[in-house]
$ cat coords.txt   # compact mmCIF, N, CA and C atoms
# COMPACT_ATOMS: atom_id res chain seq x y z
N MET U 7 0.85 -1.18 0.00
CA MET U 7 0.00 0.00 0.00
C MET U 7 0.89 1.24 0.00
N LYS U 8 0.52 2.19 -0.84
CA LYS U 8 1.27 3.44 -0.95
C LYS U 8 0.49 4.55 -0.25
N ILE U 9 1.13 5.19 0.72
CA ILE U 9 0.46 6.16 1.57
C ILE U 9 1.14 7.52 1.47
N ALA U 10 0.33 8.57 1.29
CA ALA U 10 0.81 9.95 1.31
C ALA U 10 0.54 10.50 2.71
N ILE U 11 1.49 11.25 3.25
CA ILE U 11 1.32 11.83 4.58
C ILE U 11 1.74 13.29 4.55
N GLY U 12 1.02 14.10 5.31
CA GLY U 12 1.35 15.51 5.40
C GLY U 12 0.86 16.09 6.71
N ALA U 13 1.50 17.19 7.11
CA ALA U 13 1.14 17.85 8.36
C ALA U 13 1.53 19.31 8.29
N ASP U 14 0.90 20.09 9.16
CA ASP U 14 1.38 21.44 9.40
C ASP U 14 2.22 21.41 10.67
N HIS U 15 2.57 22.57 11.17
CA HIS U 15 3.42 22.65 12.36
C HIS U 15 2.77 22.00 13.59
N GLY U 16 1.43 22.04 13.68
CA GLY U 16 0.72 21.45 14.80
C GLY U 16 0.71 19.92 14.79
N GLY U 17 0.99 19.35 13.64
CA GLY U 17 1.01 17.90 13.50
C GLY U 17 2.37 17.33 13.16
N PHE U 18 3.37 18.22 13.09
CA PHE U 18 4.71 17.81 12.64
C PHE U 18 5.28 16.65 13.46
N ASP U 19 5.27 16.76 14.78
CA ASP U 19 5.88 15.71 15.61
C ASP U 19 5.17 14.37 15.42
N HIS U 20 3.85 14.39 15.37
CA HIS U 20 3.09 13.15 15.14
C HIS U 20 3.44 12.57 13.76
N LYS U 21 3.50 13.43 12.76
CA LYS U 21 3.80 12.97 11.40
C LYS U 21 5.13 12.25 11.34
N GLU U 22 6.12 12.79 12.00
CA GLU U 22 7.44 12.18 11.97
C GLU U 22 7.41 10.76 12.54
N VAL U 23 6.71 10.57 13.64
CA VAL U 23 6.63 9.25 14.29
C VAL U 23 5.78 8.30 13.44
N ILE U 24 4.66 8.78 12.92
CA ILE U 24 3.79 7.94 12.09
C ILE U 24 4.50 7.53 10.81
N PHE U 25 5.21 8.45 10.19
CA PHE U 25 5.96 8.15 8.98
C PHE U 25 6.93 7.00 9.23
N LYS U 26 7.70 7.09 10.29
CA LYS U 26 8.67 6.04 10.63
C LYS U 26 7.96 4.72 10.93
N HIS U 27 6.87 4.79 11.68
CA HIS U 27 6.10 3.60 12.02
C HIS U 27 5.61 2.87 10.77
N LEU U 28 5.09 3.62 9.83
CA LEU U 28 4.59 3.01 8.59
C LEU U 28 5.72 2.42 7.76
N LYS U 29 6.82 3.15 7.64
CA LYS U 29 7.98 2.64 6.90
C LYS U 29 8.51 1.36 7.55
N ASP U 30 8.62 1.37 8.87
CA ASP U 30 9.11 0.20 9.60
C ASP U 30 8.21 -1.01 9.43
N ASN U 31 6.94 -0.76 9.10
CA ASN U 31 5.98 -1.85 8.90
C ASN U 31 5.77 -2.20 7.43
N GLY U 32 6.68 -1.73 6.58
CA GLY U 32 6.69 -2.17 5.19
C GLY U 32 5.84 -1.39 4.21
N PHE U 33 5.28 -0.27 4.64
CA PHE U 33 4.47 0.54 3.73
C PHE U 33 5.36 1.49 2.94
N GLU U 34 4.95 1.77 1.72
CA GLU U 34 5.60 2.81 0.93
C GLU U 34 4.94 4.12 1.31
N VAL U 35 5.71 5.04 1.87
CA VAL U 35 5.15 6.29 2.39
C VAL U 35 5.88 7.47 1.76
N VAL U 36 5.11 8.44 1.29
CA VAL U 36 5.67 9.67 0.73
C VAL U 36 5.28 10.81 1.65
N ASP U 37 6.28 11.55 2.10
CA ASP U 37 6.11 12.65 3.04
C ASP U 37 6.01 13.97 2.28
N PHE U 38 4.85 14.61 2.35
CA PHE U 38 4.63 15.88 1.67
C PHE U 38 4.93 17.08 2.56
N GLY U 39 5.52 16.86 3.72
CA GLY U 39 5.86 17.96 4.60
C GLY U 39 4.74 18.24 5.58
N THR U 40 4.94 19.22 6.33
CA THR U 40 6.02 20.13 6.53
C THR U 40 7.21 19.38 7.13
N TYR U 41 8.34 20.01 7.05
CA TYR U 41 9.57 19.35 7.49
C TYR U 41 10.18 20.00 8.72
N SER U 42 9.39 20.82 9.41
CA SER U 42 9.84 21.44 10.66
C SER U 42 8.61 21.89 11.43
N SER U 43 8.83 22.40 12.62
CA SER U 43 7.71 22.90 13.43
C SER U 43 7.45 24.39 13.22
N ASP U 44 8.08 24.98 12.20
CA ASP U 44 7.81 26.38 11.86
C ASP U 44 6.39 26.53 11.34
N SER U 45 5.74 27.62 11.67
CA SER U 45 4.35 27.86 11.29
C SER U 45 4.17 27.87 9.77
N VAL U 46 3.18 27.09 9.32
CA VAL U 46 2.82 27.01 7.89
C VAL U 46 1.30 26.93 7.79
N ASP U 47 0.78 27.02 6.58
CA ASP U 47 -0.66 26.90 6.34
C ASP U 47 -1.01 25.45 6.06
N TYR U 48 -1.91 24.90 6.88
CA TYR U 48 -2.33 23.50 6.74
C TYR U 48 -2.91 23.22 5.36
N ASN U 49 -3.57 24.21 4.77
CA ASN U 49 -4.24 24.04 3.49
C ASN U 49 -3.32 23.47 2.42
N ASP U 50 -2.10 23.98 2.38
CA ASP U 50 -1.15 23.60 1.32
C ASP U 50 -0.83 22.11 1.37
N PHE U 51 -0.69 21.58 2.55
CA PHE U 51 -0.32 20.17 2.71
C PHE U 51 -1.52 19.26 2.50
N ALA U 52 -2.68 19.72 2.93
CA ALA U 52 -3.91 18.95 2.72
C ALA U 52 -4.18 18.77 1.23
N VAL U 53 -4.02 19.83 0.46
CA VAL U 53 -4.27 19.77 -0.98
C VAL U 53 -3.27 18.85 -1.67
N LYS U 54 -2.01 18.90 -1.29
CA LYS U 54 -1.00 18.03 -1.92
C LYS U 54 -1.34 16.56 -1.70
N VAL U 55 -1.63 16.20 -0.47
CA VAL U 55 -1.94 14.81 -0.15
C VAL U 55 -3.25 14.40 -0.82
N ALA U 56 -4.29 15.21 -0.68
CA ALA U 56 -5.60 14.88 -1.23
C ALA U 56 -5.56 14.76 -2.76
N THR U 57 -4.82 15.62 -3.41
CA THR U 57 -4.72 15.56 -4.86
C THR U 57 -4.05 14.25 -5.30
N GLY U 58 -3.00 13.87 -4.60
CA GLY U 58 -2.33 12.61 -4.93
C GLY U 58 -3.23 11.40 -4.73
N VAL U 59 -4.02 11.41 -3.68
CA VAL U 59 -4.96 10.31 -3.43
C VAL U 59 -6.08 10.35 -4.47
N SER U 60 -6.58 11.52 -4.77
CA SER U 60 -7.65 11.67 -5.76
C SER U 60 -7.22 11.17 -7.14
N LYS U 61 -5.98 11.42 -7.49
CA LYS U 61 -5.45 10.98 -8.79
C LYS U 61 -5.01 9.52 -8.77
N LYS U 62 -5.19 8.87 -7.62
CA LYS U 62 -4.84 7.46 -7.42
C LYS U 62 -3.33 7.19 -7.52
N GLU U 63 -2.54 8.23 -7.25
CA GLU U 63 -1.09 8.06 -7.15
C GLU U 63 -0.74 7.39 -5.83
N TYR U 64 -1.64 7.53 -4.84
CA TYR U 64 -1.49 6.93 -3.51
C TYR U 64 -2.79 6.23 -3.16
N ASP U 65 -2.69 5.13 -2.44
CA ASP U 65 -3.88 4.39 -2.04
C ASP U 65 -4.67 5.13 -0.97
N ARG U 66 -3.95 5.71 -0.04
CA ARG U 66 -4.59 6.45 1.05
C ARG U 66 -3.67 7.59 1.50
N GLY U 67 -4.25 8.49 2.29
CA GLY U 67 -3.49 9.61 2.81
C GLY U 67 -3.76 9.81 4.30
N ILE U 68 -2.76 10.39 4.95
CA ILE U 68 -2.88 10.74 6.38
C ILE U 68 -2.47 12.20 6.53
N LEU U 69 -3.32 12.96 7.24
CA LEU U 69 -3.07 14.38 7.47
C LEU U 69 -3.17 14.69 8.95
N ILE U 70 -2.22 15.48 9.45
CA ILE U 70 -2.23 15.86 10.86
C ILE U 70 -1.99 17.36 10.98
N CYS U 71 -2.91 18.04 11.66
CA CYS U 71 -2.68 19.43 12.05
C CYS U 71 -2.98 19.52 13.54
N GLY U 72 -3.11 20.69 14.08
CA GLY U 72 -3.34 20.82 15.51
C GLY U 72 -4.58 20.10 15.98
N THR U 73 -5.69 20.30 15.27
CA THR U 73 -6.95 19.65 15.65
C THR U 73 -7.40 18.59 14.66
N GLY U 74 -6.89 18.62 13.45
CA GLY U 74 -7.35 17.74 12.38
C GLY U 74 -8.51 18.34 11.61
N ILE U 75 -9.12 19.37 12.15
CA ILE U 75 -10.31 19.95 11.53
C ILE U 75 -9.96 20.63 10.20
N GLY U 76 -9.01 21.52 10.22
CA GLY U 76 -8.64 22.23 9.00
C GLY U 76 -8.21 21.30 7.89
N MET U 77 -7.40 20.31 8.24
CA MET U 77 -6.93 19.35 7.24
C MET U 77 -8.11 18.59 6.63
N SER U 78 -9.03 18.13 7.47
CA SER U 78 -10.15 17.34 6.94
C SER U 78 -11.07 18.20 6.07
N VAL U 79 -11.33 19.42 6.50
CA VAL U 79 -12.18 20.31 5.72
C VAL U 79 -11.55 20.59 4.36
N MET U 80 -10.27 20.91 4.35
CA MET U 80 -9.58 21.23 3.10
C MET U 80 -9.49 20.02 2.18
N ALA U 81 -9.14 18.88 2.73
CA ALA U 81 -9.00 17.67 1.91
C ALA U 81 -10.33 17.31 1.26
N ASN U 82 -11.42 17.50 1.97
CA ASN U 82 -12.74 17.14 1.42
C ASN U 82 -13.20 18.07 0.31
N LYS U 83 -12.49 19.14 0.06
CA LYS U 83 -12.77 20.01 -1.08
C LYS U 83 -12.27 19.41 -2.39
N VAL U 84 -11.40 18.42 -2.30
CA VAL U 84 -10.83 17.78 -3.49
C VAL U 84 -11.75 16.65 -3.93
N GLU U 85 -12.13 16.65 -5.20
CA GLU U 85 -13.05 15.65 -5.72
C GLU U 85 -12.52 14.24 -5.49
N GLY U 86 -13.41 13.38 -5.05
CA GLY U 86 -13.05 11.98 -4.84
C GLY U 86 -12.49 11.66 -3.47
N ILE U 87 -12.37 12.68 -2.64
CA ILE U 87 -11.80 12.47 -1.31
C ILE U 87 -12.91 12.30 -0.28
N ARG U 88 -12.69 11.32 0.58
CA ARG U 88 -13.54 11.10 1.74
C ARG U 88 -12.61 11.10 2.96
N ALA U 89 -12.32 12.30 3.43
CA ALA U 89 -11.43 12.46 4.58
C ALA U 89 -12.25 12.39 5.85
N ALA U 90 -11.74 11.63 6.82
CA ALA U 90 -12.44 11.47 8.09
C ALA U 90 -11.56 11.97 9.22
N LEU U 91 -12.13 12.82 10.06
CA LEU U 91 -11.46 13.30 11.26
C LEU U 91 -11.68 12.26 12.35
N VAL U 92 -10.60 11.69 12.85
CA VAL U 92 -10.69 10.58 13.80
C VAL U 92 -9.84 10.87 15.03
N HIS U 93 -10.45 10.66 16.21
CA HIS U 93 -9.73 10.81 17.46
C HIS U 93 -9.95 9.65 18.42
N ASP U 94 -10.51 8.54 17.90
CA ASP U 94 -10.71 7.37 18.74
C ASP U 94 -10.68 6.10 17.88
N LEU U 95 -10.58 4.97 18.53
CA LEU U 95 -10.41 3.70 17.82
C LEU U 95 -11.69 3.25 17.12
N PHE U 96 -12.84 3.50 17.72
CA PHE U 96 -14.10 3.08 17.10
C PHE U 96 -14.30 3.76 15.75
N THR U 97 -14.12 5.08 15.69
CA THR U 97 -14.35 5.78 14.43
C THR U 97 -13.26 5.48 13.41
N ALA U 98 -12.06 5.12 13.87
CA ALA U 98 -11.00 4.72 12.93
C ALA U 98 -11.45 3.52 12.12
N GLU U 99 -12.08 2.57 12.79
CA GLU U 99 -12.58 1.38 12.10
C GLU U 99 -13.86 1.69 11.31
N ALA U 100 -14.77 2.41 11.93
CA ALA U 100 -16.08 2.67 11.31
C ALA U 100 -15.95 3.46 10.02
N THR U 101 -15.04 4.41 9.97
CA THR U 101 -14.93 5.23 8.76
C THR U 101 -14.40 4.44 7.57
N ARG U 102 -13.63 3.42 7.84
CA ARG U 102 -13.19 2.53 6.75
C ARG U 102 -14.30 1.56 6.37
N LEU U 103 -14.92 0.93 7.37
CA LEU U 103 -15.97 -0.05 7.11
C LEU U 103 -17.17 0.57 6.39
N HIS U 104 -17.62 1.73 6.85
CA HIS U 104 -18.88 2.30 6.38
C HIS U 104 -18.71 3.36 5.30
N ASN U 105 -17.64 4.15 5.37
CA ASN U 105 -17.48 5.29 4.47
C ASN U 105 -16.38 5.13 3.45
N ASP U 106 -15.61 4.06 3.55
CA ASP U 106 -14.47 3.83 2.65
C ASP U 106 -13.58 5.08 2.59
N SER U 107 -13.33 5.68 3.77
CA SER U 107 -12.51 6.89 3.80
C SER U 107 -11.15 6.61 3.19
N ASN U 108 -10.66 7.58 2.43
CA ASN U 108 -9.35 7.41 1.81
C ASN U 108 -8.31 8.36 2.39
N ILE U 109 -8.73 9.23 3.28
CA ILE U 109 -7.80 10.08 4.02
C ILE U 109 -8.19 10.09 5.49
N LEU U 110 -7.21 9.90 6.33
CA LEU U 110 -7.35 9.97 7.78
C LEU U 110 -6.79 11.31 8.24
N ALA U 111 -7.60 12.06 8.99
CA ALA U 111 -7.15 13.33 9.58
C ALA U 111 -7.17 13.20 11.09
N MET U 112 -6.13 13.71 11.73
CA MET U 112 -6.03 13.66 13.19
C MET U 112 -5.47 14.97 13.72
N GLY U 113 -5.70 15.19 15.01
CA GLY U 113 -5.21 16.39 15.67
C GLY U 113 -4.02 16.09 16.56
N GLY U 114 -2.88 16.62 16.21
CA GLY U 114 -1.67 16.42 16.99
C GLY U 114 -1.72 17.04 18.38
N ARG U 115 -2.58 18.03 18.54
CA ARG U 115 -2.73 18.67 19.86
C ARG U 115 -3.91 18.08 20.64
N ILE U 116 -4.59 17.11 20.04
CA ILE U 116 -5.78 16.52 20.64
C ILE U 116 -5.50 15.13 21.20
N ILE U 117 -4.74 14.33 20.47
CA ILE U 117 -4.49 12.95 20.88
C ILE U 117 -3.01 12.68 21.05
N SER U 118 -2.71 11.71 21.88
CA SER U 118 -1.31 11.31 22.10
C SER U 118 -0.77 10.59 20.88
N ILE U 119 0.52 10.55 20.76
CA ILE U 119 1.13 9.83 19.64
C ILE U 119 0.83 8.34 19.75
N GLU U 120 0.74 7.82 20.97
CA GLU U 120 0.42 6.40 21.14
C GLU U 120 -0.97 6.08 20.58
N LEU U 121 -1.94 6.93 20.89
CA LEU U 121 -3.29 6.73 20.35
C LEU U 121 -3.29 6.93 18.84
N ALA U 122 -2.57 7.92 18.37
CA ALA U 122 -2.50 8.16 16.92
C ALA U 122 -1.97 6.93 16.19
N LEU U 123 -0.97 6.28 16.73
CA LEU U 123 -0.42 5.07 16.10
C LEU U 123 -1.44 3.94 16.10
N GLN U 124 -2.19 3.80 17.17
CA GLN U 124 -3.24 2.78 17.21
C GLN U 124 -4.32 3.07 16.17
N ILE U 125 -4.70 4.33 16.06
CA ILE U 125 -5.69 4.74 15.07
C ILE U 125 -5.20 4.42 13.66
N VAL U 126 -3.97 4.78 13.38
CA VAL U 126 -3.38 4.52 12.06
C VAL U 126 -3.42 3.03 11.75
N ASP U 127 -3.00 2.21 12.70
CA ASP U 127 -2.97 0.76 12.47
C ASP U 127 -4.36 0.20 12.19
N ILE U 128 -5.35 0.64 12.95
CA ILE U 128 -6.72 0.17 12.72
C ILE U 128 -7.23 0.67 11.38
N TRP U 129 -7.01 1.93 11.09
CA TRP U 129 -7.51 2.53 9.85
C TRP U 129 -6.87 1.87 8.63
N ILE U 130 -5.57 1.65 8.69
CA ILE U 130 -4.87 1.00 7.57
C ILE U 130 -5.31 -0.46 7.43
N GLY U 131 -5.55 -1.12 8.55
CA GLY U 131 -5.86 -2.54 8.53
C GLY U 131 -7.31 -2.89 8.28
N THR U 132 -8.18 -1.89 8.18
CA THR U 132 -9.61 -2.14 8.00
C THR U 132 -9.98 -1.90 6.54
N GLU U 133 -10.64 -2.89 5.96
CA GLU U 133 -11.12 -2.76 4.58
C GLU U 133 -12.58 -2.32 4.58
N PHE U 134 -13.01 -1.74 3.50
CA PHE U 134 -14.41 -1.33 3.31
C PHE U 134 -15.30 -2.58 3.36
N SER U 135 -16.46 -2.47 3.97
CA SER U 135 -17.32 -3.63 4.19
C SER U 135 -17.93 -4.20 2.91
N ASN U 136 -18.11 -3.38 1.90
CA ASN U 136 -18.74 -3.79 0.64
C ASN U 136 -20.18 -4.27 0.82
N GLU U 137 -20.82 -3.89 1.91
CA GLU U 137 -22.25 -4.17 2.07
C GLU U 137 -23.03 -3.21 1.17
N ASP U 138 -24.12 -3.70 0.62
CA ASP U 138 -24.91 -2.90 -0.32
C ASP U 138 -25.26 -1.52 0.22
N ARG U 139 -25.68 -1.44 1.48
CA ARG U 139 -26.10 -0.15 2.03
C ARG U 139 -24.94 0.82 2.09
N HIS U 140 -23.73 0.33 2.39
CA HIS U 140 -22.56 1.22 2.45
C HIS U 140 -22.08 1.59 1.06
N ILE U 141 -22.15 0.66 0.12
CA ILE U 141 -21.80 0.96 -1.27
C ILE U 141 -22.73 2.06 -1.79
N ARG U 142 -24.01 1.92 -1.53
CA ARG U 142 -25.00 2.91 -1.98
C ARG U 142 -24.69 4.29 -1.40
N ARG U 143 -24.35 4.33 -0.13
CA ARG U 143 -24.09 5.61 0.53
C ARG U 143 -22.79 6.26 0.06
N VAL U 144 -21.77 5.47 -0.16
CA VAL U 144 -20.52 6.02 -0.68
C VAL U 144 -20.71 6.54 -2.10
N LYS U 145 -21.50 5.85 -2.90
CA LYS U 145 -21.81 6.34 -4.25
C LYS U 145 -22.50 7.70 -4.19
N LYS U 146 -23.41 7.86 -3.23
CA LYS U 146 -24.08 9.16 -3.08
C LYS U 146 -23.08 10.26 -2.73
N ILE U 147 -22.13 9.94 -1.87
CA ILE U 147 -21.08 10.91 -1.54
C ILE U 147 -20.29 11.27 -2.79
N ASN U 148 -19.85 10.25 -3.50
CA ASN U 148 -19.00 10.47 -4.68
C ASN U 148 -19.72 11.20 -5.80
N ASN U 149 -21.01 10.97 -5.93
CA ASN U 149 -21.76 11.56 -7.05
C ASN U 149 -22.31 12.95 -6.74
N TYR U 150 -22.31 13.36 -5.51
CA TYR U 150 -22.87 14.66 -5.15
C TYR U 150 -21.97 15.80 -5.66
N LYS U 151 -22.54 16.69 -6.41
CA LYS U 151 -21.78 17.81 -6.98
C LYS U 151 -22.20 19.16 -6.44
N GLY U 152 -23.14 19.17 -5.50
CA GLY U 152 -23.62 20.44 -4.94
C GLY U 152 -24.84 20.93 -5.71
N GLU U 153 -25.57 21.78 -5.04
CA GLU U 153 -26.77 22.34 -5.69
C GLU U 153 -26.74 23.83 -5.66
$ encode --input "coords.txt" --output "structure tokens"
Amino acid sequence: MKIAIGADHGGFDHKEVIFKHLKDNGFEVVDFGTYSSDSVDYNDFAVKVATGVSKKEYDRGILICGTGIGMSVMANKVEGIRAALVHDLFTAEATRLHNDSNILAMGGRIISIELALQIVDIWIGTEFSNEDRHIRRVKKINNYKGE
């Protein structure tokens, strides 16, 4: 599995640990930055990761900012993206099973790195359920163009 990862300054420390964790576990991971804890705009990194996932250059993406909110909002502006803001183990699994999320967003100032690693492992290890009701709902998400 090929994973794109990105963070702003609020998620930098978590990103560094998650990147290493994924590499150590045999995943191909591309780091889109930021590469320091200097203040940057989360939007820029969310768009880079989301665009790569949308174009199917990466199977999934992980985004970390201070709260995860900005990253998830920005990533969801990119067509084909289903970014989920996750801060617990239950939703890490549910968003893959039910929503086929392709981007995981987390808050580096909200959750510990230990919990973040558990979330990543569950999210990466959970496949979409492929139940008819979930397929139907994901299609509605993908087909919605706004009114």
$ residues_around --input "coords.txt" --residues "Gly17 in chain U" --least-positions-apart "3" --cutoff "6 Å" --atoms "only C-alpha atoms" --output "number ranges by chain"
U: 13-14, 20, 70-72, 114
$ write_last_selection --input "coords.txt" --atoms "N, CA and C atoms" --output "PDB file, keeping the file's coordinate frame"
ATOM      1  N   ALA U  13       1.500  17.190   7.110  1.00  0.00           N
ATOM      2  CA  ALA U  13       1.140  17.850   8.360  1.00  0.00           C
ATOM      3  C   ALA U  13       1.530  19.310   8.290  1.00  0.00           C
ATOM      4  N   ASP U  14       0.900  20.090   9.160  1.00  0.00           N
ATOM      5  CA  ASP U  14       1.380  21.440   9.400  1.00  0.00           C
ATOM      6  C   ASP U  14       2.220  21.410  10.670  1.00  0.00           C
ATOM      7  N   HIS U  20       3.850  14.390  15.370  1.00  0.00           N
ATOM      8  CA  HIS U  20       3.090  13.150  15.140  1.00  0.00           C
ATOM      9  C   HIS U  20       3.440  12.570  13.760  1.00  0.00           C
ATOM     10  N   ILE U  70      -2.220  15.480   9.450  1.00  0.00           N
ATOM     11  CA  ILE U  70      -2.230  15.860  10.860  1.00  0.00           C
ATOM     12  C   ILE U  70      -1.990  17.360  10.980  1.00  0.00           C
ATOM     13  N   CYS U  71      -2.910  18.040  11.660  1.00  0.00           N
ATOM     14  CA  CYS U  71      -2.680  19.430  12.050  1.00  0.00           C
ATOM     15  C   CYS U  71      -2.980  19.520  13.540  1.00  0.00           C
ATOM     16  N   GLY U  72      -3.110  20.690  14.080  1.00  0.00           N
ATOM     17  CA  GLY U  72      -3.340  20.820  15.510  1.00  0.00           C
ATOM     18  C   GLY U  72      -4.580  20.100  15.980  1.00  0.00           C
ATOM     19  N   GLY U 114      -2.880  16.620  16.210  1.00  0.00           N
ATOM     20  CA  GLY U 114      -1.670  16.420  16.990  1.00  0.00           C
ATOM     21  C   GLY U 114      -1.720  17.040  18.380  1.00  0.00           C
TER      22      GLY U 114
END
$ select_by_dssp --input "coords.txt" --residues "range 31-79 of chain U" --states "strand (DSSP E or B)" --output "PyMOL selection string"
chain U and resi 34-37+66-71
$ closest_residue --input "coords.txt" --among "U:Gly76, U:Ala52, U:Gly32, U:Ser107" --to "Ala89 in chain U" --atoms "only N, CA and C atoms"
U:Ser107
$ residues_around --input "coords.txt" --residues "range 116-123 of chain U" --least-positions-apart "4" --cutoff "8 Å" --atoms "only N, CA and C atoms" --output "PyMOL selection string"
chain U and resi 16+19-20+23-24+27+71-74+93-95+112+127-129
$ residues_around --input "coords.txt" --residues "Glu137 in chain U" --least-positions-apart "3" --cutoff "10 Å" --atoms "only C-alpha atoms" --output "PDB file with N, CA and C atoms, in the frame of the given file"
ATOM      1  N   LEU U 103     -14.920   0.930   7.370  1.00  0.00           N
ATOM      2  CA  LEU U 103     -15.970  -0.050   7.110  1.00  0.00           C
ATOM      3  C   LEU U 103     -17.170   0.570   6.390  1.00  0.00           C
ATOM      4  N   HIS U 104     -17.620   1.730   6.850  1.00  0.00           N
ATOM      5  CA  HIS U 104     -18.880   2.300   6.380  1.00  0.00           C
ATOM      6  C   HIS U 104     -18.710   3.360   5.300  1.00  0.00           C
ATOM      7  N   PHE U 134     -13.010  -1.740   3.500  1.00  0.00           N
ATOM      8  CA  PHE U 134     -14.410  -1.330   3.310  1.00  0.00           C
ATOM      9  C   PHE U 134     -15.300  -2.580   3.360  1.00  0.00           C
ATOM     10  N   HIS U 140     -23.730   0.330   2.390  1.00  0.00           N
ATOM     11  CA  HIS U 140     -22.560   1.220   2.450  1.00  0.00           C
ATOM     12  C   HIS U 140     -22.080   1.590   1.060  1.00  0.00           C
ATOM     13  N   ILE U 141     -22.150   0.660   0.120  1.00  0.00           N
ATOM     14  CA  ILE U 141     -21.800   0.960  -1.270  1.00  0.00           C
ATOM     15  C   ILE U 141     -22.730   2.060  -1.790  1.00  0.00           C
ATOM     16  N   ARG U 142     -24.010   1.920  -1.530  1.00  0.00           N
ATOM     17  CA  ARG U 142     -25.000   2.910  -1.980  1.00  0.00           C
ATOM     18  C   ARG U 142     -24.690   4.290  -1.400  1.00  0.00           C
TER      19      ARG U 142
END
$ atom_distance --input "coords.txt" --atom1 "CA of Gly152 in chain U" --atom2 "CA of Ala98 in chain U"
26.9 Å
$ residues_around --input "coords.txt" --residues "range 35-46 of chain U" --least-positions-apart "4" --cutoff "6.5 Å" --atoms "all atoms listed in the file" --output "count of residues only"
14
$ closest_residue --input "coords.txt" --among "U:Met80, U:Phe96, U:Ser135, U:Val126" --to "Asn49 in chain U" --atoms "only N, CA and C atoms"
U:Met80
$ select_by_dssp --input "coords.txt" --residues "range 30-153 of chain U" --states "helix (DSSP H, G or I)" --output "ChimeraX atom specification"
/U:30,48-60,75-81,95-105,119-131,138-149
$ atom_distance --input "coords.txt" --atom1 "CA of Glu153 in chain U" --atom2 "atom C of Arg102 in chain U"
27.1 Å
$ residues_around --input "coords.txt" --residues "Arg88 in chain U" --least-positions-apart "2" --cutoff "12 Å" --atoms "only C-alpha atoms" --output "PyMOL selection string"
chain U and resi 56-57+59-60+66-68+77-86+90-91+101-102+104-111+143-148
